[in-house]
file query-v2.txt (compact mmCIF, C-alpha atoms and all ligand atoms)
# COMPACT_ATOMS: atom_id res chain seq x y z
CA MET A 182 0.00 0.00 0.00
CA ILE A 183 1.34 3.41 -0.97
CA ARG A 184 1.51 5.72 2.03
CA ILE A 185 3.27 8.85 3.25
CA PRO A 186 6.51 7.64 4.90
CA LYS A 187 7.09 8.42 8.59
CA SER A 188 10.19 10.43 7.73
CA GLU A 189 8.03 12.89 5.81
CA TYR A 190 6.00 13.80 8.89
CA ALA A 191 9.24 14.62 10.74
CA ARG A 192 10.39 16.72 7.79
CA ARG A 193 7.09 18.66 7.79
CA ARG A 194 7.25 19.36 11.53
CA LYS A 195 10.80 20.63 11.15
CA ALA A 196 9.83 22.83 8.19
CA LEU A 197 6.93 24.33 10.16
CA MET A 198 9.04 24.92 13.26
CA GLU A 199 11.63 26.75 11.18
CA GLN A 200 8.92 29.23 10.20
CA LEU A 201 7.74 29.99 13.73
CA GLU A 202 8.96 33.14 15.46
CA PRO A 203 11.41 32.56 18.34
CA ASN A 204 9.98 31.42 21.70
CA SER A 205 6.74 30.06 20.27
CA ILE A 206 4.47 27.08 20.78
CA ALA A 207 2.13 25.54 18.20
CA ILE A 208 -0.92 23.56 19.30
CA LEU A 209 -3.27 21.47 17.11
CA PRO A 210 -6.17 19.24 18.17
CA ALA A 211 -7.13 15.98 16.44
CA ALA A 212 -10.57 15.82 14.79
CA PRO A 213 -13.40 14.98 17.19
CA THR A 214 -15.59 11.92 16.73
CA TYR A 215 -19.17 12.65 15.67
CA ILE A 216 -22.25 10.71 16.69
CA ARG A 217 -24.30 9.56 13.71
CA ASN A 218 -27.23 8.28 15.73
CA ARG A 219 -27.43 7.01 19.29
CA ASP A 220 -24.54 4.53 19.77
CA VAL A 221 -23.25 4.80 16.21
CA GLU A 222 -20.40 7.11 15.27
CA HIS A 223 -19.59 8.52 11.84
CA VAL A 224 -16.51 6.91 10.32
CA TYR A 225 -13.53 8.68 11.86
CA ARG A 226 -11.45 10.90 9.61
CA GLN A 227 -8.45 12.68 11.10
CA ASP A 228 -8.24 16.46 10.77
CA SER A 229 -6.11 17.20 7.68
CA ASP A 230 -3.74 19.64 9.42
CA PHE A 231 -3.23 17.27 12.34
CA GLN A 232 -2.68 14.38 9.95
CA TYR A 233 -0.25 16.44 7.87
CA LEU A 234 2.05 16.95 10.85
CA SER A 235 1.67 13.62 12.63
CA GLY A 236 0.14 10.78 10.60
CA PHE A 237 -1.45 9.93 13.97
CA PRO A 238 -4.84 8.35 13.25
CA GLU A 239 -6.62 8.59 16.62
CA PRO A 240 -9.16 11.04 18.05
CA GLU A 241 -8.71 12.66 21.50
CA ALA A 242 -5.19 13.81 20.77
CA VAL A 243 -3.38 17.16 20.83
CA LEU A 244 -0.12 17.85 19.02
CA VAL A 245 2.29 20.40 20.48
CA LEU A 246 5.43 21.77 18.86
CA ILE A 247 7.90 23.76 20.94
CA PRO A 248 10.98 24.62 18.85
CA GLY A 249 14.14 24.51 20.94
CA ARG A 250 12.61 22.73 23.97
CA GLU A 251 15.38 20.82 25.65
CA HIS A 252 13.31 17.78 26.56
CA GLY A 253 11.93 17.39 23.05
CA GLU A 254 10.20 19.64 20.57
CA TYR A 255 7.33 17.34 19.54
CA ILE A 256 4.82 16.42 22.23
CA LEU A 257 1.72 14.33 21.71
CA PHE A 258 -1.16 14.09 24.16
CA CYS A 259 -3.19 10.98 23.36
CA ARG A 260 -5.40 8.30 24.83
CA GLU A 261 -3.91 5.84 27.29
CA ARG A 262 -3.81 2.15 26.53
CA ASP A 263 -6.96 0.53 27.98
CA PRO A 264 -7.45 -3.23 27.51
CA GLU A 265 -11.20 -3.00 28.21
CA ARG A 266 -11.82 -0.19 25.66
CA GLU A 267 -9.41 -1.71 23.14
CA LEU A 268 -11.32 -5.00 23.34
CA TRP A 269 -14.42 -3.15 22.10
CA ASP A 270 -13.11 -0.34 19.91
CA GLY A 271 -9.66 -1.35 18.66
CA LEU A 272 -6.04 -0.80 19.53
CA ARG A 273 -4.60 2.50 20.72
CA ALA A 274 -1.03 3.67 20.32
CA GLY A 275 -0.79 4.90 23.89
CA GLN A 276 2.11 7.07 24.99
CA ASP A 277 4.75 4.43 24.22
CA GLY A 278 3.32 3.96 20.72
CA ALA A 279 3.21 7.72 20.14
CA ILE A 280 6.96 7.86 20.80
CA ARG A 281 7.95 4.55 19.22
CA ASP A 282 5.73 4.56 16.11
CA PHE A 283 4.89 8.22 15.51
CA GLY A 284 8.14 9.94 16.39
CA ALA A 285 6.94 12.01 19.37
CA ASP A 286 9.75 13.18 21.66
CA ASP A 287 7.42 13.09 24.64
CA ALA A 288 3.86 11.81 25.10
CA PHE A 289 1.31 12.28 27.88
CA PRO A 290 -2.20 10.95 28.57
CA ILE A 291 -4.84 13.26 27.10
CA GLY A 292 -6.56 13.24 30.51
CA ASP A 293 -3.55 15.04 32.00
CA ILE A 294 -3.52 17.89 29.48
CA ASP A 295 -5.06 20.48 31.83
CA GLU A 296 -2.25 19.89 34.32
CA ILE A 297 0.61 19.72 31.84
CA LEU A 298 -0.10 22.01 28.89
CA PRO A 299 -0.31 25.33 30.81
CA GLY A 300 3.22 24.61 32.06
CA LEU A 301 4.40 24.10 28.47
CA ILE A 302 2.73 27.32 27.29
CA GLU A 303 3.98 29.38 30.22
CA GLY A 304 6.92 31.59 29.32
CA ARG A 305 6.33 31.32 25.56
CA GLU A 306 5.84 34.61 23.78
CA ARG A 307 3.51 33.35 21.05
CA VAL A 308 0.88 30.66 20.57
CA TYR A 309 0.22 29.42 17.04
CA TYR A 310 -3.12 27.71 16.60
CA ALA A 311 -6.07 27.73 14.19
CA ILE A 312 -8.03 30.46 15.93
CA GLY A 313 -11.81 30.12 15.61
CA THR A 314 -12.00 26.85 13.71
CA ASN A 315 -12.85 24.70 16.72
CA PRO A 316 -14.88 26.62 19.35
CA GLU A 317 -14.45 23.90 21.96
CA PHE A 318 -10.70 23.96 21.53
CA ASP A 319 -10.66 27.80 21.64
CA HIS A 320 -12.41 27.50 24.99
CA HIS A 321 -9.88 24.98 26.33
CA LEU A 322 -6.99 27.16 25.22
CA MET A 323 -8.46 30.18 27.05
CA GLU A 324 -8.78 28.03 30.17
CA TRP A 325 -5.12 27.00 29.93
CA ILE A 326 -4.13 30.64 29.47
CA ASN A 327 -6.24 31.62 32.49
CA THR A 328 -4.52 28.93 34.54
CA ILE A 329 -1.24 30.67 33.75
CA ARG A 330 -2.74 34.13 34.50
CA SER A 331 -3.96 32.90 37.88
CA LYS A 332 -0.34 32.19 38.77
CA ALA A 333 0.93 35.64 37.71
CA ARG A 334 1.87 36.54 41.27
CA GLN A 335 4.16 33.52 41.38
CA GLY A 336 5.87 34.99 38.31
CA ALA A 337 4.04 32.98 35.63
CA GLN A 338 3.94 34.74 32.25
CA PRO A 339 1.14 34.12 29.77
CA PRO A 340 1.87 34.55 26.04
CA ASN A 341 1.36 37.96 24.45
CA GLU A 342 0.52 36.95 20.91
CA TYR A 343 -1.86 34.51 19.30
CA VAL A 344 -1.05 33.76 15.69
CA ALA A 345 -3.17 31.94 13.07
CA LEU A 346 -1.36 28.67 12.41
CA ASP A 347 -3.58 27.64 9.52
CA HIS A 348 -2.15 30.16 7.10
CA LEU A 349 1.45 28.92 7.48
CA LEU A 350 0.40 25.31 7.39
CA HIS A 351 -1.92 25.71 4.45
CA ASP A 352 0.76 27.32 2.38
CA MET A 353 3.02 24.34 3.11
CA ARG A 354 0.22 21.95 2.14
CA LEU A 355 -0.22 23.67 -1.21
CA TYR A 356 3.22 22.45 -2.40
CA LYS A 357 3.09 18.69 -2.81
CA SER A 358 6.24 16.68 -2.18
CA ALA A 359 7.36 13.69 -4.26
CA ALA A 360 5.86 11.36 -1.64
CA GLU A 361 2.53 13.21 -1.71
CA ILE A 362 2.41 13.12 -5.51
CA LYS A 363 3.04 9.38 -5.40
CA VAL A 364 0.05 8.90 -3.07
CA MET A 365 -2.11 11.24 -5.16
CA ARG A 366 -1.13 9.38 -8.34
CA TYR A 367 -2.30 6.17 -6.73
CA ALA A 368 -5.56 7.73 -5.46
CA ALA A 369 -6.15 8.94 -9.03
CA GLU A 370 -5.37 5.50 -10.45
CA VAL A 371 -7.83 3.73 -8.15
CA SER A 372 -10.45 6.42 -8.79
CA ALA A 373 -9.94 6.02 -12.56
CA ALA A 374 -10.38 2.24 -12.32
CA ALA A 375 -13.64 2.84 -10.45
CA HIS A 376 -14.97 5.09 -13.24
CA VAL A 377 -14.02 2.51 -15.87
CA ARG A 378 -15.84 -0.18 -13.91
CA ALA A 379 -18.97 2.00 -13.63
CA MET A 380 -18.94 2.68 -17.39
CA GLN A 381 -18.63 -1.02 -18.08
CA ALA A 382 -21.51 -1.87 -15.74
CA SER A 383 -23.94 0.79 -17.00
CA ARG A 384 -27.23 -0.51 -18.43
CA ALA A 385 -30.70 0.98 -18.82
CA GLY A 386 -32.92 -0.43 -16.09
CA LEU A 387 -30.27 -0.25 -13.38
CA PHE A 388 -30.36 2.53 -10.79
CA GLU A 389 -27.78 5.20 -10.01
CA TYR A 390 -26.84 3.35 -6.82
CA HIS A 391 -25.83 0.29 -8.80
CA LEU A 392 -23.07 2.36 -10.37
CA GLU A 393 -22.17 3.85 -6.97
CA ALA A 394 -21.71 0.27 -5.72
CA GLU A 395 -19.32 -0.44 -8.61
CA LEU A 396 -17.28 2.66 -7.67
CA GLU A 397 -17.10 1.67 -4.03
CA TYR A 398 -16.03 -1.86 -4.92
CA GLU A 399 -12.99 -0.53 -6.77
CA PHE A 400 -12.21 2.04 -4.06
CA ARG A 401 -12.10 -0.61 -1.35
CA LYS A 402 -10.27 -3.10 -3.56
CA GLY A 403 -7.62 -0.43 -4.08
CA GLY A 404 -7.22 -0.04 -0.32
CA ALA A 405 -9.14 3.22 0.09
CA LYS A 406 -10.97 3.45 3.42
CA MET A 407 -13.62 5.72 1.98
CA PRO A 408 -14.53 8.05 -0.85
CA ALA A 409 -12.90 11.47 -0.65
CA TYR A 410 -16.40 13.04 -0.73
CA GLY A 411 -19.96 11.85 -1.32
CA SER A 412 -20.03 10.26 -4.78
CA ILE A 413 -22.34 11.93 -7.30
CA VAL A 414 -24.05 9.53 -9.71
CA ALA A 415 -26.51 11.67 -11.64
CA ALA A 416 -28.49 10.29 -14.56
CA GLY A 417 -30.36 12.43 -17.08
CA ARG A 418 -31.47 15.80 -15.79
CA ASN A 419 -30.07 15.05 -12.31
CA ALA A 420 -26.70 15.99 -13.77
CA CYS A 421 -27.90 19.62 -13.81
CA ILE A 422 -27.94 19.56 -9.98
CA LEU A 423 -24.29 20.29 -9.26
CA HIS A 424 -24.10 18.55 -5.87
CA TYR A 425 -26.72 15.85 -6.55
CA ARG A 426 -26.47 13.22 -3.79
CA GLU A 427 -29.60 11.05 -3.89
CA ASN A 428 -28.13 8.51 -6.32
CA ASP A 429 -31.38 6.57 -6.41
CA ALA A 430 -32.98 7.29 -9.80
CA ALA A 431 -33.34 4.84 -12.69
CA LEU A 432 -30.84 4.83 -15.57
CA ARG A 433 -32.89 5.33 -18.71
CA GLU A 434 -32.10 4.45 -22.31
CA GLY A 435 -30.99 7.59 -24.17
CA ASP A 436 -29.87 9.49 -21.06
CA LEU A 437 -26.38 10.42 -20.00
CA VAL A 438 -25.02 9.71 -16.55
CA LEU A 439 -22.57 12.04 -14.82
CA ILE A 440 -20.34 10.48 -12.17
CA ASP A 441 -18.22 12.71 -9.93
CA ALA A 442 -16.33 10.45 -7.54
CA GLY A 443 -12.87 9.82 -6.16
CA CYS A 444 -11.35 7.79 -3.37
CA GLU A 445 -9.14 8.80 -0.49
CA ILE A 446 -5.76 7.14 0.03
CA ASP A 447 -3.87 7.91 3.25
CA CYS A 448 -5.94 11.11 3.51
CA TYR A 449 -5.29 12.28 -0.10
CA ALA A 450 -8.18 12.75 -2.50
CA GLY A 451 -8.86 11.72 -6.06
CA ASP A 452 -11.57 13.79 -7.78
CA ILE A 453 -12.77 12.64 -11.21
CA THR A 454 -15.87 13.38 -13.25
CA ARG A 455 -16.88 11.53 -16.37
CA THR A 456 -20.15 11.75 -18.26
CA PHE A 457 -21.23 8.91 -20.54
CA PRO A 458 -24.36 7.53 -22.17
CA VAL A 459 -26.31 5.04 -20.04
CA SER A 460 -26.48 2.64 -23.00
CA GLY A 461 -23.09 3.37 -24.53
CA ARG A 462 -23.96 5.66 -27.51
CA PHE A 463 -24.11 9.47 -27.45
CA SER A 464 -27.04 11.15 -29.23
CA PRO A 465 -26.07 13.99 -31.66
CA GLU A 466 -27.07 16.68 -29.11
CA GLN A 467 -25.27 14.97 -26.24
CA ARG A 468 -22.20 14.55 -28.40
CA ALA A 469 -22.23 18.18 -29.52
CA ILE A 470 -22.25 19.46 -25.93
CA TYR A 471 -19.78 16.80 -24.82
CA GLU A 472 -17.23 17.81 -27.45
CA ILE A 473 -17.28 21.41 -26.22
CA VAL A 474 -16.73 20.39 -22.59
CA LEU A 475 -13.96 17.99 -23.58
CA GLU A 476 -12.26 20.66 -25.67
CA ALA A 477 -12.45 23.06 -22.72
CA ASN A 478 -10.94 20.40 -20.44
CA MET A 479 -8.06 19.71 -22.88
CA GLU A 480 -7.46 23.40 -23.59
CA ALA A 481 -7.16 24.14 -19.85
CA PHE A 482 -4.11 21.86 -19.49
CA LYS A 483 -2.20 24.12 -21.87
CA HIS A 484 -2.69 26.98 -19.40
CA ILE A 485 -1.33 25.17 -16.36
CA GLY A 486 2.39 25.35 -15.70
CA PRO A 487 5.03 27.29 -13.77
CA GLY A 488 4.67 31.03 -14.29
CA LYS A 489 1.05 30.86 -15.44
CA HIS A 490 -1.50 32.28 -13.02
CA TRP A 491 -4.30 30.39 -11.34
CA ASN A 492 -7.12 31.89 -13.39
CA GLU A 493 -5.66 31.26 -16.87
CA ALA A 494 -7.09 27.75 -17.07
CA HIS A 495 -10.52 28.99 -16.03
CA GLU A 496 -10.41 31.79 -18.60
CA ALA A 497 -9.45 29.24 -21.28
CA THR A 498 -12.48 27.08 -20.43
CA VAL A 499 -14.77 30.12 -20.55
CA ARG A 500 -13.52 30.97 -24.07
CA VAL A 501 -13.99 27.44 -25.39
CA ILE A 502 -17.42 27.02 -23.80
CA THR A 503 -18.73 30.42 -24.90
CA SER A 504 -17.62 30.01 -28.50
CA GLY A 505 -18.92 26.42 -28.57
CA LEU A 506 -22.34 27.52 -27.32
CA VAL A 507 -22.42 30.29 -29.94
CA LYS A 508 -21.63 27.78 -32.71
CA LEU A 509 -24.54 25.62 -31.57
CA GLY A 510 -26.84 28.66 -31.39
CA LEU A 511 -27.38 28.25 -27.64
CA LEU A 512 -25.83 31.66 -27.08
CA LYS A 513 -26.25 34.45 -29.59
CA GLY A 514 -23.88 37.35 -30.17
CA ASP A 515 -20.23 38.22 -30.22
CA VAL A 516 -18.05 35.79 -28.24
CA GLU A 517 -15.95 38.51 -26.57
CA ALA A 518 -19.03 40.51 -25.59
CA LEU A 519 -20.73 37.39 -24.24
CA ILE A 520 -17.65 36.56 -22.15
CA GLU A 521 -17.55 40.14 -20.88
CA ALA A 522 -21.23 39.93 -19.91
CA GLY A 523 -20.80 36.50 -18.26
CA ALA A 524 -23.50 35.00 -20.52
CA TYR A 525 -21.89 31.55 -20.20
CA LYS A 526 -22.83 31.49 -16.50
CA ALA A 527 -26.34 30.32 -17.36
CA PHE A 528 -24.67 27.10 -18.56
CA TYR A 529 -21.31 27.05 -16.77
CA MET A 530 -21.84 28.40 -13.28
CA HIS A 531 -18.80 27.06 -11.45
CA ARG A 532 -15.08 27.56 -11.78
CA ALA A 533 -12.73 25.36 -13.78
CA GLY A 534 -11.12 23.82 -10.73
CA HIS A 535 -9.76 23.99 -7.20
CA TRP A 536 -6.63 22.99 -5.30
CA LEU A 537 -6.54 19.27 -4.59
CA GLY A 538 -4.78 17.39 -1.81
CA MET A 539 -5.71 16.10 1.63
CA ASP A 540 -8.99 17.98 1.33
CA VAL A 541 -10.80 17.57 -1.97
CA HIS A 542 -11.22 21.34 -2.07
CA ASP A 543 -7.76 21.77 -0.69
CA VAL A 544 -6.27 24.63 1.29
CA GLY A 545 -4.08 27.42 -0.05
CA ASP A 546 -4.69 30.96 -1.24
CA TYR A 547 -5.88 31.52 -4.80
CA LYS A 548 -4.82 35.15 -4.73
CA VAL A 549 -1.69 36.72 -3.28
CA GLY A 550 -1.63 40.48 -2.74
CA GLY A 551 -4.88 40.80 -4.67
CA GLU A 552 -3.48 39.03 -7.78
CA TRP A 553 -4.18 35.51 -9.00
CA ARG A 554 -1.55 33.15 -7.68
CA VAL A 555 1.26 32.20 -10.04
CA LEU A 556 1.54 28.42 -10.35
CA GLU A 557 4.63 26.62 -9.11
CA VAL A 558 5.93 23.06 -9.36
CA GLY A 559 4.11 20.71 -6.97
CA MET A 560 0.77 22.52 -6.83
CA ALA A 561 -2.10 20.13 -7.54
CA MET A 562 -5.52 21.05 -8.87
CA THR A 563 -8.56 19.84 -10.75
CA VAL A 564 -9.67 20.79 -14.25
CA GLU A 565 -13.43 20.43 -14.44
CA PRO A 566 -15.36 22.48 -16.96
CA GLY A 567 -19.01 21.66 -17.49
CA ILE A 568 -22.16 22.65 -19.35
CA TYR A 569 -25.55 22.21 -17.68
CA ILE A 570 -28.70 23.04 -19.63
CA ALA A 571 -31.51 23.39 -17.11
CA PRO A 572 -34.59 21.23 -17.88
CA ASP A 573 -36.72 24.39 -17.63
CA ASN A 574 -34.52 26.62 -19.79
CA THR A 575 -37.10 27.81 -22.30
CA ASP A 576 -34.50 30.02 -24.04
CA VAL A 577 -33.15 26.97 -25.85
CA PRO A 578 -34.87 24.40 -28.08
CA LYS A 579 -36.29 21.44 -26.20
CA LYS A 580 -33.82 18.90 -27.56
CA TRP A 581 -31.01 20.50 -25.53
CA ARG A 582 -32.78 20.71 -22.20
CA GLY A 583 -31.73 18.53 -19.26
CA ILE A 584 -28.26 17.75 -20.63
CA GLY A 585 -25.59 18.08 -17.92
CA ILE A 586 -21.96 17.30 -18.70
CA ARG A 587 -18.71 17.72 -16.75
CA VAL A 588 -15.27 16.28 -17.47
CA GLU A 589 -12.88 16.48 -14.51
CA ASP A 590 -9.23 15.50 -14.21
CA ASP A 591 -6.56 15.95 -11.56
CA VAL A 592 -3.20 17.49 -12.39
CA VAL A 593 0.01 18.49 -10.69
CA VAL A 594 2.25 21.30 -11.92
CA THR A 595 5.62 20.07 -13.23
CA ARG A 596 8.67 21.93 -14.52
CA LYS A 597 7.39 21.70 -18.09
CA GLY A 598 3.64 22.15 -17.57
CA CYS A 599 1.47 19.66 -15.77
CA GLU A 600 1.12 15.94 -15.22
CA ILE A 601 -2.39 14.54 -15.64
CA LEU A 602 -2.94 12.04 -12.83
CA THR A 603 -6.28 10.73 -14.06
CA GLY A 604 -5.43 9.55 -17.56
CA GLY A 605 -6.54 6.02 -16.68
CA VAL A 606 -10.16 6.66 -17.53
CA PRO A 607 -11.22 7.36 -21.12
CA LYS A 608 -12.82 10.63 -22.08
CA THR A 609 -13.12 11.00 -25.84
CA VAL A 610 -16.47 10.02 -27.32
CA GLU A 611 -14.80 7.27 -29.36
CA GLU A 612 -12.91 5.85 -26.37
CA ILE A 613 -15.98 5.84 -24.15
CA GLU A 614 -18.21 4.25 -26.79
CA ALA A 615 -15.56 1.61 -27.55
CA LEU A 616 -15.08 0.75 -23.87
CA MET A 617 -18.82 0.44 -23.30
CA ALA A 618 -19.37 -1.57 -26.49
CA ALA A 619 -16.62 -4.01 -25.49
CA ALA A 620 -18.20 -4.44 -22.04
CA ARG A 621 -21.51 -5.33 -23.71
CA THR A 622 -19.90 -7.82 -26.07
CA ASP A 623 -18.12 -9.46 -23.14
CA ALA A 624 -21.38 -9.68 -21.20
CA ALA A 625 -23.34 -11.13 -24.13
N1 LIG A 701 -16.47 16.67 -6.22
C1 LIG A 701 -16.39 18.02 -5.88
C2 LIG A 701 -15.78 18.80 -6.93
O1 LIG A 701 -15.60 18.32 -8.04
O2 LIG A 701 -15.41 19.90 -6.73
MN MN A 702 -15.42 16.32 -8.56
MN MN A 703 -13.52 18.90 -8.19
call {"tool": "encode", "arguments": {"input": "query-v2.txt", "output": "structure tokens"}}
result
Amino acid sequence: MIRIPKSEYARRRKALMEQLEPNSIAILPAAPTYIRNRDVEHVYRQDSDFQYLSGFPEPEAVLVLIPGREHGEYILFCRERDPERELWDGLRAGQDGAIRDFGADDAFPIGDIDEILPGLIEGRERVYYAIGTNPEFDHHLMEWINTIRSKARQGAQPPNEYVALDHLLHDMRLYKSAAEIKVMRYAAEVSAAAHVRAMQASRAGLFEYHLEAELEYEFRKGGAKMPAYGSIVAAGRNACILHYRENDAALREGDLVLIDAGCEIDCYAGDITRTFPVSGRFSPEQRAIYEIVLEANMEAFKHIGPGKHWNEAHEATVRVITSGLVKLGLLKGDVEALIEAGAYKAFYMHRAGHWLGMDVHDVGDYKVGGEWRVLEVGMAMTVEPGIYIAPDNTDVPKKWRGIGIRVEDDVVVTRKGCEILTGGVPKTVEEIEALMAAARTDAA
């Protein structure tokens, strides 16, 4: 199984600590567990920032970094070993495991944090933490600070500055290392195999959830614990609902089906969309719209590379989509004027992509100093233009209505341009029709 190596977590902690001002402490909580209903919890997913610095997979943990601390810079508070609880809920690293397996210099039981952490904060000038993102944790931190304040007469000194940690950390996360790209390549490969399997399985008379089941089969077979986000399997006009989640409608002869799904490997996301005909053959109208979206997708890659700015790929997709819609008569007028007026937004209402990484909509600024960010090697993003013709759009002839198409790939910026991670799933009309025809022949 491809995973982030332990050495990389140590490298990340060191890189973060090098950016902290002198005499600082950084504090990050693990993600909480959430109750789904009564005794059932949602599947646990570690907080991405916490995971990024630790690889520690348990809840009820707090990570502390104190650059220059003599007795160790990396401290982990975590659950104690507990044979009774472990019998029911699974193994815990405990404090020995935190040191032995996760590289902590020091580890303490999470139940002792109120006694120990104020002493670690005391005397530090600055506290780095993600202010305001976890109200319960904000509250705890204020209590720890007040514990220090209450000892002011004994000479205890609370910190003077509270600094947002997320900004530093999120900028680090934007630049993917070789190890991260390896994991993302694998997440993309498994996600691509899942899309191929769904295309092969598609038949009129099945339901959207049948295809979702095919996706999940491949995800799990590839070692993914879960999808990176709720899979969208949207047949026919459902594809015009951008975040469609029901996945329970029938697949009908003559309709398209849009699948937006990707798996998560070691907390890194794949994010792929393909749109294909339920029965394996595009109608002339479906094909006409599809070719525009595909051209926009392919054109965008040419605008991704070092030195190009974030918005260039989006602007390229807007040009291709607007001129394509004009050629089909779905938009009328001068292409430049239509772009200026944003006329395409009736059909293409989202952006061409987003950063991709541990979070499917990953962290990192899109603008720096008010200007679109200039792309650099290691930044990863999606390319996902689409055209959605609302079923009730009476401005267009009926034959176009209810068609929703998106084509989404994942890329990482390289020295020469970009590497497409999701090439394992076909996307030209000919490739898709051939793949689906072969699957039918095999089944016959
Ligand atoms: N699946 C969410 C997105 O494509 O942005
Ligand atoms: Mn997507
Ligand atoms: Mn996406």
call {"tool": "closest_residue", "arguments": {"input": "query-v2.txt", "among": "A:Gly435, A:Gly534, A:Gly300, A:Gly545", "to": "ligand MN 703 (chain A)", "atoms": "all atoms listed in the file"}}
result
A:Gly534
call {"tool": "residues_near_ligand", "arguments": {"input": "query-v2.txt", "ligand": "ligand LIG 701 (chain A)", "cutoff": "12 Å", "atoms": "only C-alpha atoms and all ligand atoms", "output": "ChimeraX atom specification"}}
result
/A:408-414,423-426,439-444,450-455,531-538,540-543,562-567,587-591
call {"tool": "atom_distance", "arguments": {"input": "query-v2.txt", "atom1": "atom CA of Met560 of chain A", "atom2": "atom CA of Pro487 of chain A"}}
result
9.4 Å
call {"tool": "residues_near_point", "arguments": {"input": "query-v2.txt", "point": "(-19.5, -0.1, -6.1)", "cutoff": "12 Å", "atoms": "all atoms listed in the file", "output": "MDAnalysis selection string"}}
result
chainID A and resid 372 374:380 382:383 389:402 407:408 412 414 442:444
call {"tool": "write_last_selection", "arguments": {"input": "query-v2.txt", "atoms": "C-alpha atoms", "output": "PDB file, keeping the file's coordinate frame"}}
result
ATOM      1  CA  SER A 372     -10.450   6.420  -8.790  1.00  0.00           C
ATOM      2  CA  ALA A 374     -10.380   2.240 -12.320  1.00  0.00           C
ATOM      3  CA  ALA A 375     -13.640   2.840 -10.450  1.00  0.00           C
ATOM      4  CA  HIS A 376     -14.970   5.090 -13.240  1.00  0.00           C
ATOM      5  CA  VAL A 377     -14.020   2.510 -15.870  1.00  0.00           C
ATOM      6  CA  ARG A 378     -15.840  -0.180 -13.910  1.00  0.00           C
ATOM      7  CA  ALA A 379     -18.970   2.000 -13.630  1.00  0.00           C
ATOM      8  CA  MET A 380     -18.940   2.680 -17.390  1.00  0.00           C
ATOM      9  CA  ALA A 382     -21.510  -1.870 -15.740  1.00  0.00           C
ATOM     10  CA  SER A 383     -23.940   0.790 -17.000  1.00  0.00           C
ATOM     11  CA  GLU A 389     -27.780   5.200 -10.010  1.00  0.00           C
ATOM     12  CA  TYR A 390     -26.840   3.350  -6.820  1.00  0.00           C
ATOM     13  CA  HIS A 391     -25.830   0.290  -8.800  1.00  0.00           C
ATOM     14  CA  LEU A 392     -23.070   2.360 -10.370  1.00  0.00           C
ATOM     15  CA  GLU A 393     -22.170   3.850  -6.970  1.00  0.00           C
ATOM     16  CA  ALA A 394     -21.710   0.270  -5.720  1.00  0.00           C
ATOM     17  CA  GLU A 395     -19.320  -0.440  -8.610  1.00  0.00           C
ATOM     18  CA  LEU A 396     -17.280   2.660  -7.670  1.00  0.00           C
ATOM     19  CA  GLU A 397     -17.100   1.670  -4.030  1.00  0.00           C
ATOM     20  CA  TYR A 398     -16.030  -1.860  -4.920  1.00  0.00           C
ATOM     21  CA  GLU A 399     -12.990  -0.530  -6.770  1.00  0.00           C
ATOM     22  CA  PHE A 400     -12.210   2.040  -4.060  1.00  0.00           C
ATOM     23  CA  ARG A 401     -12.100  -0.610  -1.350  1.00  0.00           C
ATOM     24  CA  LYS A 402     -10.270  -3.100  -3.560  1.00  0.00           C
ATOM     25  CA  MET A 407     -13.620   5.720   1.980  1.00  0.00           C
ATOM     26  CA  PRO A 408     -14.530   8.050  -0.850  1.00  0.00           C
ATOM     27  CA  SER A 412     -20.030  10.260  -4.780  1.00  0.00           C
ATOM     28  CA  VAL A 414     -24.050   9.530  -9.710  1.00  0.00           C
ATOM     29  CA  ALA A 442     -16.330  10.450  -7.540  1.00  0.00           C
ATOM     30  CA  GLY A 443     -12.870   9.820  -6.160  1.00  0.00           C
ATOM     31  CA  CYS A 444     -11.350   7.790  -3.370  1.00  0.00           C
TER      32      CYS A 444
END
call {"tool": "residues_around", "arguments": {"input": "query-v2.txt", "residues": "segment 489-502 of chain A", "least_positions_apart": "2", "cutoff": "6 Å", "atoms": "all atoms listed in the file", "output": "list in words"}}
result
Ala477, Ala481, His484, Gly486, Pro487, Ser504, Gly505, Ala533, Trp553, Arg554, Val555 and Leu556 of chain A
call {"tool": "write_last_selection", "arguments": {"input": "query-v2.txt", "atoms": "C-alpha atoms", "output": "PDB file, in the frame of the given file"}}
result
ATOM      1  CA  ALA A 477     -12.450  23.060 -22.720  1.00  0.00           C
ATOM      2  CA  ALA A 481      -7.160  24.140 -19.850  1.00  0.00           C
ATOM      3  CA  HIS A 484      -2.690  26.980 -19.400  1.00  0.00           C
ATOM      4  CA  GLY A 486       2.390  25.350 -15.700  1.00  0.00           C
ATOM      5  CA  PRO A 487       5.030  27.290 -13.770  1.00  0.00           C
ATOM      6  CA  SER A 504     -17.620  30.010 -28.500  1.00  0.00           C
ATOM      7  CA  GLY A 505     -18.920  26.420 -28.570  1.00  0.00           C
ATOM      8  CA  ALA A 533     -12.730  25.360 -13.780  1.00  0.00           C
ATOM      9  CA  TRP A 553      -4.180  35.510  -9.000  1.00  0.00           C
ATOM     10  CA  ARG A 554      -1.550  33.150  -7.680  1.00  0.00           C
ATOM     11  CA  VAL A 555       1.260  32.200 -10.040  1.00  0.00           C
ATOM     12  CA  LEU A 556       1.540  28.420 -10.350  1.00  0.00           C
TER      13      LEU A 556
END
call {"tool": "atom_distance", "arguments": {"input": "query-v2.txt", "atom1": "atom CA of Asp286 of chain A", "atom2": "atom CA of Tyr233 of chain A"}}
result
17.3 Å
call {"tool": "residues_near_point", "arguments": {"input": "query-v2.txt", "point": "(-3.4, 2.1, 24.9)", "cutoff": "7 Å", "atoms": "only C-alpha atoms", "output": "NGL selection string"}}
result
:A and (260-263 or 272-275)
